[in-house]
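Asker: This is the structure, below, for whatever I ask next.
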Amino acid sequence: MVSTKTRTILWARAAGRCQYPGCNKPLIGDLLSGEVDANSAYVAHVVAETPGGPRGDSIRSPLLADDPSNLMLLCDTHHRVIDRDAADDHPEAILLGMKAQHEARIEAITGISDDRRSHMLLFGARVGEHEYPVRYDLAAEGMLPNRYPAERQPIQIDLARLAFDDGEPEYWNLQVANLRRQFDAKVRDRLRSGDVGHLSLFALAPQPLLIELGRLLSDIAGVTVHQLHREPQDWRWRNDRPPVAYVVREAMSGGKEVALKLALSATITDDRITSVLGHDIPIWELTTPAPHNDIMHKAGDLSGFRSALRGALDRIKAVHGQDAVLHVFPAVPISAAVEVGRVWMPKADLPLIIYDQRRESGFRARVALGTTISVSPVKEAVHV
C-alpha cells in the first residue's frame, strides 16, 4: 500500500504529469467531461509491490513498496504498457532512467526564478515555394533552462500566407510592409509600455526579412535570438562544439559602392558579386575557415559574430568614407541574419542594401536600410 505522504511526494516530483517519455499527459482532470477533480493517474511500481509482479523481487518488493524512488506517475495507457503489454521491454533500469529524466526536467523548469520570464516571439515567412511554420513546442523547449514563457500564447508575426513567392518584387514590398505593421501592432507598443521586458525570438524567413526584423527590434530591446539546429532539430543553444572563429578580409581597392559578403553558411565566390555590381566593386568578406549550414551552435558564437560584424562595419566606413553605400550578400544562419539588423545603427553606419539569392537568378537586391539610397543596382529594393 502506498501511503498518502508518498503519493504526495510523487505527485509533486512529477508535476502531475505522466512520466513516460514523450507523453507528459496532465493527469488531473477530465477535459472532456469537465470533471476537473477527476484523477486519471496511476501510481506504478518499478519493482513490483509483490514478488510475483512485474520486476518483482522476494526481498526488495516489500522494502520498496512505499518508497517514492520506486514509484512512477503514469497515465492509463503507459501503466498498461510497462506492467502488461510490454513489461519485458521495460526493465528496472529503463524505468528508473525515465523517472529521473522527467523529474530532472520538472526541477529545472520550476527552479527558474520569476525574473527569467520572457515573451515568445514567433516569426515565419514563406521561403521559396515552402512554408516553414515555427512550432510552439520546440520553441518553448528551446527557452529552457535559462528562460520560461511569460504567457501561454506566443506573440506571432505570420507572413507565410501570401500568393507571391520571394522571386517576385511584389513579394518584398508586401512582406516588408506587412512585417512592419504586425510588429507595430503586436510588439512595439508592448515594449514601450514595459508590458514586455524580454523577448525570445524564433524565426524562419528569407534573410532580408530576418535582417529587417532585427532592425525593428534594434539593439535596445532585451532579446534572446535562437537558432534552429538541423540534427537533432531543436532551438537549444549547445556547448558541444568548439567556438566559431571569424575572419574579416578587406577589399584590395577603394570606391563608394562596396560589397560585403557574409559567408558563414556557405562560400560566396566573387564572380557572384561582380555579376551583379560589376568587376570594379571592392569586395569585403566576413567568413569562417569552414562555412557550413549548421555552423551556429553556441550563444557565444552569435556574440562573436556581432562583434566581428560591428568591427567590419566600422572599418569599411573608415576606409571608404561616410558617403559610401554597402551592398550586403548574406549566407548566414537565421540568428546571424537577425543580428545583422540589430547591429546596424541608422545614424552611424553606412546605408545597407540587402540581397537575396535564388538558384535560378542569383543575387537580387531586396531590402535597403537607409532612406536616402537611390542607386541603379537596387531598383527592386524596398527602402526603409
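Quick note on naming: the chains in the C-alpha cells go A, B, ... in the order shown, residues restart at 1 in each chain, and ligands are numbered from 1 in order of appearance.
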Env of A:Leu138: 12 Å cut, atoms = only C-alpha atoms, seq-sep filter 2 positions within chain, self excluded. Answer as a ChimeraX atom specification.
Answerer: /A:120,122,133-136,140-144,202,226-229,232-236
Asker: Return the single residue from A:Gly362, A:Pro21, A:Pro291, A:Gly124 that is closest to A:Ile155, with distances computed using only C-alpha atoms.
Answerer: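 Ranked by minimum distance to A:Ile155, first place goes to A:Gly124.
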Asker: Provide the atom CA of A:Arg7 to atom CA of A:Val46 distance in Å, to one decimal place.
Answerer: 14.4 Å
Asker: Neighbouring residues of A:Arg241 were defined as those with any atom within 10 Å, considering only C-alpha atoms; residues of the same chain fewer than 5 positions away were excluded. Please report them as a ChimeraX atom specification.
Answerer: /A:295-298
Asker: How many Å separate atom CA of A:His327 from atom CA of A:Leu369?
Answerer: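 Rounded to one decimal, the two atoms are 10.3 Å apart.
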Asker: Where does stretch 87-112 of chain A meet stretch 72-79 of chain A within 12 Å, residue by residue, with the nearest atom pair and distance in Å to one decimal for each, counting only C-alpha atoms, listed by chain and rising number, as CSV?
Answerer:
residue,atom,partner,partner_atom,distance
A:Ala87,CA,A:His79,CA,9.9
A:His90,CA,A:His78,CA,10.9
A:Glu92,CA,A:Met72,CA,11.5
A:Leu95,CA,A:Met72,CA,8.3
A:Leu96,CA,A:Met72,CA,8.6
A:Gly97,CA,A:Met72,CA,11.0
A:Met98,CA,A:Met72,CA,9.0
A:Lys99,CA,A:Met72,CA,6.5
A:Ala100,CA,A:Met72,CA,9.8
A:Gln101,CA,A:Met72,CA,11.7
A:His102,CA,A:Met72,CA,10.0
A:Glu103,CA,A:Met72,CA,10.1
Asker: Please produce an output containing N, CA and C atoms for each residue in the selection, written as a PDB file, in the first residue's frame.
Answerer:
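Ended up saving to part_5.pdb:
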ATOM      1  N   ALA A  87       5.927  -5.502 -20.699  1.00  0.00           N
ATOM      2  CA  ALA A  87       6.666  -5.491 -19.435  1.00  0.00           C
ATOM      3  C   ALA A  87       8.121  -5.911 -19.620  1.00  0.00           C
ATOM      4  N   HIS A  90      10.583  -3.234 -20.475  1.00  0.00           N
ATOM      5  CA  HIS A  90      10.717  -2.142 -19.511  1.00  0.00           C
ATOM      6  C   HIS A  90      11.324  -2.659 -18.208  1.00  0.00           C
ATOM      7  N   GLU A  92      13.886  -2.602 -14.856  1.00  0.00           N
ATOM      8  CA  GLU A  92      14.022  -1.609 -13.792  1.00  0.00           C
ATOM      9  C   GLU A  92      14.897  -0.425 -14.206  1.00  0.00           C
ATOM     10  N   LEU A  95      13.124   2.045 -16.577  1.00  0.00           N
ATOM     11  CA  LEU A  95      12.079   2.828 -15.917  1.00  0.00           C
ATOM     12  C   LEU A  95      12.672   3.879 -14.976  1.00  0.00           C
ATOM     13  N   LEU A  96      13.706   3.515 -14.247  1.00  0.00           N
ATOM     14  CA  LEU A  96      14.341   4.495 -13.360  1.00  0.00           C
ATOM     15  C   LEU A  96      14.959   5.638 -14.160  1.00  0.00           C
ATOM     16  N   GLY A  97      15.486   5.339 -15.345  1.00  0.00           N
ATOM     17  CA  GLY A  97      16.015   6.396 -16.211  1.00  0.00           C
ATOM     18  C   GLY A  97      14.917   7.326 -16.687  1.00  0.00           C
ATOM     19  N   MET A  98      13.757   6.776 -17.060  1.00  0.00           N
ATOM     20  CA  MET A  98      12.610   7.599 -17.463  1.00  0.00           C
ATOM     21  C   MET A  98      12.188   8.526 -16.330  1.00  0.00           C
ATOM     22  N   LYS A  99      12.064   7.943 -15.159  1.00  0.00           N
ATOM     23  CA  LYS A  99      11.634   8.705 -13.977  1.00  0.00           C
ATOM     24  C   LYS A  99      12.621   9.837 -13.678  1.00  0.00           C
ATOM     25  N   ALA A 100      13.907   9.522 -13.692  1.00  0.00           N
ATOM     26  CA  ALA A 100      14.929  10.525 -13.373  1.00  0.00           C
ATOM     27  C   ALA A 100      14.932  11.653 -14.393  1.00  0.00           C
ATOM     28  N   GLN A 101      14.779  11.319 -15.654  1.00  0.00           N
ATOM     29  CA  GLN A 101      14.782  12.340 -16.700  1.00  0.00           C
ATOM     30  C   GLN A 101      13.589  13.282 -16.544  1.00  0.00           C
ATOM     31  N   HIS A 102      12.420  12.723 -16.297  1.00  0.00           N
ATOM     32  CA  HIS A 102      11.219  13.547 -16.131  1.00  0.00           C
ATOM     33  C   HIS A 102      11.343  14.456 -14.911  1.00  0.00           C
ATOM     34  N   GLU A 103      11.779  13.907 -13.798  1.00  0.00           N
ATOM     35  CA  GLU A 103      11.852  14.689 -12.572  1.00  0.00           C
ATOM     36  C   GLU A 103      12.948  15.752 -12.634  1.00  0.00           C
TER      37      GLU A 103
END
Asker: Identify which of the residues A:Tyr148, A:Glu168, A:Arg117, A:Glu257 lies closest to A:Asp195, counting only C-alpha atoms when measuring atom-to-atom distances.
Answerer: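 For A:Asp195, the nearest of the given residues is A:Arg117.
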Asker: Within 12 Å of A:His279, counting only C-alpha atoms, which residues qualify if same-chain residues fewer than 2 places away don't, as an mmCIF file with C-alpha atoms, in the first residue's frame?
Answerer:
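What ended up in out_28.cif:
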data_model
loop_
_atom_site.group_PDB
_atom_site.id
_atom_site.type_symbol
_atom_site.label_atom_id
_atom_site.label_comp_id
_atom_site.auth_asym_id
_atom_site.auth_seq_id
_atom_site.Cartn_x
_atom_site.Cartn_y
_atom_site.Cartn_z
ATOM 1 C CA SER A 253 40.598 48.578 -53.872
ATOM 2 C CA GLU A 257 29.956 51.326 -53.830
ATOM 3 C CA VAL A 258 31.200 48.486 -51.597
ATOM 4 C CA ALA A 259 30.223 44.820 -51.305
ATOM 5 C CA ASP A 270 33.475 36.861 -56.040
ATOM 6 C CA ASP A 271 32.051 36.223 -59.511
ATOM 7 C CA ARG A 272 28.547 36.063 -58.000
ATOM 8 C CA ILE A 273 29.077 39.584 -56.690
ATOM 9 C CA THR A 274 30.698 41.045 -59.799
ATOM 10 C CA SER A 275 27.905 39.637 -61.975
ATOM 11 C CA VAL A 276 25.567 41.970 -60.084
ATOM 12 C CA LEU A 277 27.722 45.024 -59.325
ATOM 13 C CA ILE A 281 33.402 46.725 -56.989
ATOM 14 C CA PRO A 282 35.599 46.461 -53.840
ATOM 15 C CA ILE A 283 34.644 43.263 -52.006
#
Asker: Please identify all polymer residues within 12 Å of A:Leu217, counting only C-alpha atoms, omitting same-chain residues fewer than 6 positions from it, and present them as a list in words.
Answerer: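 So the residues in contact are Leu121, Leu179, Arg180, Phe183, Asp184, Val187, Arg188, Asp189, Leu191, Arg192, His198, Leu199, Ser200, Leu201, Leu210, Ile211, Val223, Thr224, Val225, Val338, Glu339, Val340, Gly341, Arg342, Val343, Trp344 and Met345 of chain A.
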Asker: For atom CA of A:Lys5 and atom CA of A:Val43, quote the distance in Å rounded to one decimal.
Answerer: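 Result for atom CA of A:Lys5 versus atom CA of A:Val43: 12.9 Å, one decimal.
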Asker: What's the 10 Å shell around A:Asp67, counting only C-alpha atoms, without same-chain residues fewer than 4 positions away, as a list in words?
Answerer: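 Returned residues: Val2, Ser3, Thr6, Arg7, Ile9, Leu10, His45, Pro62, Leu63 and Leu71 of chain A.
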Asker: With N, CA and C atoms kept, could you save the residues just selected as a PDB file, in the first residue's frame?
Answerer:
ATOM      1  N   VAL A   2       0.560   2.171  -0.893  1.00  0.00           N
ATOM      2  CA  VAL A   2       1.304   3.423  -0.986  1.00  0.00           C
ATOM      3  C   VAL A   2       0.632   4.455  -0.085  1.00  0.00           C
ATOM      4  N   SER A   3       1.391   5.037   0.823  1.00  0.00           N
ATOM      5  CA  SER A   3       0.834   5.989   1.782  1.00  0.00           C
ATOM      6  C   SER A   3       0.502   7.322   1.118  1.00  0.00           C
ATOM      7  N   THR A   6       3.642   9.440   0.617  1.00  0.00           N
ATOM      8  CA  THR A   6       4.453   9.036  -0.536  1.00  0.00           C
ATOM      9  C   THR A   6       3.799   9.463  -1.839  1.00  0.00           C
ATOM     10  N   ARG A   7       2.481   9.330  -1.935  1.00  0.00           N
ATOM     11  CA  ARG A   7       1.768   9.767  -3.134  1.00  0.00           C
ATOM     12  C   ARG A   7       1.976  11.271  -3.373  1.00  0.00           C
ATOM     13  N   ILE A   9       4.472  13.142  -2.403  1.00  0.00           N
ATOM     14  CA  ILE A   9       5.842  13.375  -2.867  1.00  0.00           C
ATOM     15  C   ILE A   9       5.956  13.056  -4.351  1.00  0.00           C
ATOM     16  N   LEU A  10       5.399  11.918  -4.778  1.00  0.00           N
ATOM     17  CA  LEU A  10       5.480  11.511  -6.183  1.00  0.00           C
ATOM     18  C   LEU A  10       4.763  12.505  -7.081  1.00  0.00           C
ATOM     19  N   HIS A  45       4.552   0.855  -9.661  1.00  0.00           N
ATOM     20  CA  HIS A  45       5.792   0.415  -9.040  1.00  0.00           C
ATOM     21  C   HIS A  45       6.811   0.023 -10.104  1.00  0.00           C
ATOM     22  N   PRO A  62       8.907  -5.843  -0.834  1.00  0.00           N
ATOM     23  CA  PRO A  62       8.327  -5.246   0.384  1.00  0.00           C
ATOM     24  C   PRO A  62       9.107  -4.039   0.895  1.00  0.00           C
ATOM     25  N   LEU A  63      10.405  -4.014   0.655  1.00  0.00           N
ATOM     26  CA  LEU A  63      11.207  -2.879   1.122  1.00  0.00           C
ATOM     27  C   LEU A  63      10.905  -1.606   0.335  1.00  0.00           C
ATOM     28  N   LEU A  71       8.620   4.570  -7.413  1.00  0.00           N
ATOM     29  CA  LEU A  71       7.276   4.804  -7.957  1.00  0.00           C
ATOM     30  C   LEU A  71       7.309   5.762  -9.137  1.00  0.00           C
TER      31      LEU A  71
END
Asker: Give me, as an NGL selection string, the residues of stretch 202-246 of chain A that a backbone DSSP run labels helix (DSSP H, G or I).
Answerer: :A and (207-217)
Asker: Store the residues picked out above, limited to C-alpha atoms, as a PDB file, in the first residue's frame.
Answerer:
ATOM      1  CA  GLN A 207      17.293  36.525 -44.906  1.00  0.00           C
ATOM      2  CA  PRO A 208      16.370  40.100 -45.936  1.00  0.00           C
ATOM      3  CA  LEU A 209      13.181  39.823 -43.853  1.00  0.00           C
ATOM      4  CA  LEU A 210      15.140  38.454 -40.900  1.00  0.00           C
ATOM      5  CA  ILE A 211      17.511  41.430 -41.177  1.00  0.00           C
ATOM      6  CA  GLU A 212      14.570  43.827 -41.344  1.00  0.00           C
ATOM      7  CA  LEU A 213      13.062  42.231 -38.219  1.00  0.00           C
ATOM      8  CA  GLY A 214      16.413  42.713 -36.497  1.00  0.00           C
ATOM      9  CA  ARG A 215      16.347  46.388 -37.456  1.00  0.00           C
ATOM     10  CA  LEU A 216      12.871  46.734 -35.968  1.00  0.00           C
ATOM     11  CA  LEU A 217      13.963  45.083 -32.737  1.00  0.00           C
TER      12      LEU A 217
END
Asker: Please provide the set of residues having any atom within 9 Å of A:Ile354, restricted to only C-alpha atoms, with same-chain residues fewer than 2 positions apart removed, written as a ChimeraX atom specification.
Answerer: /A:207-208,211,326-330,352,356,364-369,381
Asker: Just checking: using only C-alpha atoms, which residue out of A:Ala251, A:Val127, A:Leu159, A:Ala336 ends up closest to A:Gln357?
Answerer: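 Among the listed residues, the smallest separation from A:Gln357 belongs to A:Val127.
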